[in-house]
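Taking it in order: structure first as structure tokens, then the write-up.
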Amino acid sequence: WTVREVLRCPTFWKLLSVPVSSGLVGTGLIFHQVAILGEYGLTPTSALGLMSIQAGCATLMTFPVGWATDRFPSRYILFLAMVLLAAATLLVMTMPSPWLAILYAVLLGLHASILRSTASVVWINYYGRAHQGAVRGVAWSVMILAAAVGPLPLALSIDYFGSYTPALCMFLVLPVVAAVAVWTAHPP
């Protein structure tokens with residue numbers, strides 16, 4: 001498929017909702033992790049230490065996720081990524097106990113492992129190899145733009161409302177909508 005053809009395909013936009021949600025929500029959560037988790041009693045050192053758990057989990061799980069990517073439809077695996085991101089967002093909104101911050105880090109790590117594996121090959125699986133550089137270029141450019149904007153809603157939320165909750169509610173909705181969209185993203 002050429003980039004022009006891909007951009008006219010509704011399935012492309014459904015698939016694109018995953019890296020956009022991941023970039024926006026994931027980056028926002030990471031940038032504000034110390035402050036958000038500080039509200040639940042975690043020290044800055046502990047909150048930053050969770051990034052090691054996230055990275056370790058993402059790295060370890062890349063192997064089984066890569067295996068699954070070769071055996072199951074990409075849309076189901078990307079759906080799982082959005083469920084994990086929504087669960088992490090919901091957990092950070094409600095955090096009933098500070099030790100659950102570890103589960104939050106694991107969920108974000110699992111989510112990241114799926115993005116590294118499945119979100120990289122979904123474009124080839126759906127649209128072929130001939131124009132892959134251009135197709136992925138569009139997709140990842142949009143994701144990077146979303147990641148650049150990601151911290152802003154949380155910053156505005158804390159500045160204007162004195163709470164992260166309004167932005168976190170929006171952050172919860174995005175992966176849920178993306179999960180529904182990608183679930184219906186049948187290969188063209």
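Labels used: A, B, ... for chains in the order of the structure tokens, numbers from 1 for residues in each chain, and numbers from 1 for ligands as shown.
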
Would you list the contacts of A:Ala148 as a list in words, taking every protein, DNA or RNA residue within 9 Å and counting only C-alpha atoms, but skipping same-chain residues closer than 5 positions in sequence?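 Answer for this query is Gly23, Leu24, Thr27, Gly28 and Met143 of chain A.
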
How about saving the chosen residues, C-alpha atoms kept, as a short mmCIF file (atom, residue, chain, number, x, y, z; two decimals), in the first residue's frame?
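Output (part-v2.cif):
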```
data_model
loop_
_atom_site.label_atom_id
_atom_site.label_comp_id
_atom_site.auth_asym_id
_atom_site.auth_seq_id
_atom_site.Cartn_x
_atom_site.Cartn_y
_atom_site.Cartn_z
CA GLY A 23 2.60 8.20 23.55
CA LEU A 24 0.28 10.71 25.17
CA THR A 27 4.74 9.97 28.54
CA GLY A 28 2.40 12.02 30.70
CA MET A 143 3.11 9.08 18.16
#
```

Once you count only C-alpha atoms, what closest atom pair and distance in Å to one decimal does each residue of stretch 22-73 of chain A within 8 Å of stretch 107-130 of chain A have, with rows by chain and rising residue number, as CSV?
```
residue,atom,partner,partner_atom,distance
A:Gly26,CA,A:Leu108,CA,7.8
A:Ile53,CA,A:Gly109,CA,7.3
A:Gln54,CA,A:Gly109,CA,4.2
A:Ala55,CA,A:Gly109,CA,6.0
A:Gly56,CA,A:Gly109,CA,7.3
A:Cys57,CA,A:Gly109,CA,4.9
A:Ala58,CA,A:Gly109,CA,4.3
A:Thr59,CA,A:Ser113,CA,6.5
A:Met61,CA,A:Ser113,CA,5.8
A:Thr62,CA,A:Ser113,CA,4.8
A:Val65,CA,A:Ile114,CA,6.1
A:Gly66,CA,A:Ser117,CA,5.5
A:Thr69,CA,A:Thr118,CA,5.7
```

Atom CA of A:Met51 sits from atom CA of A:Ala105 at a separation of 7.0 Å

Any idea what's packed within 7 Å of stretch 161-178 of chain A, counting only C-alpha atoms, ignoring anything in its chain fewer than 2 positions away? Could you give it as a PyMOL selection string?
chain A and resi 17-18+21+25+82-83+85-86+89-90+93+153-154+157-159+180-182

Residues at most 7 Å from A:Tyr104, counting only C-alpha atoms, excluding those fewer than 2 positions away in the same chain, as a list of chain:residue names?
A:Ala88, A:Leu91, A:Val92, A:Leu100, A:Ala101, A:Ile102, A:Val106, A:Leu107, A:Leu108
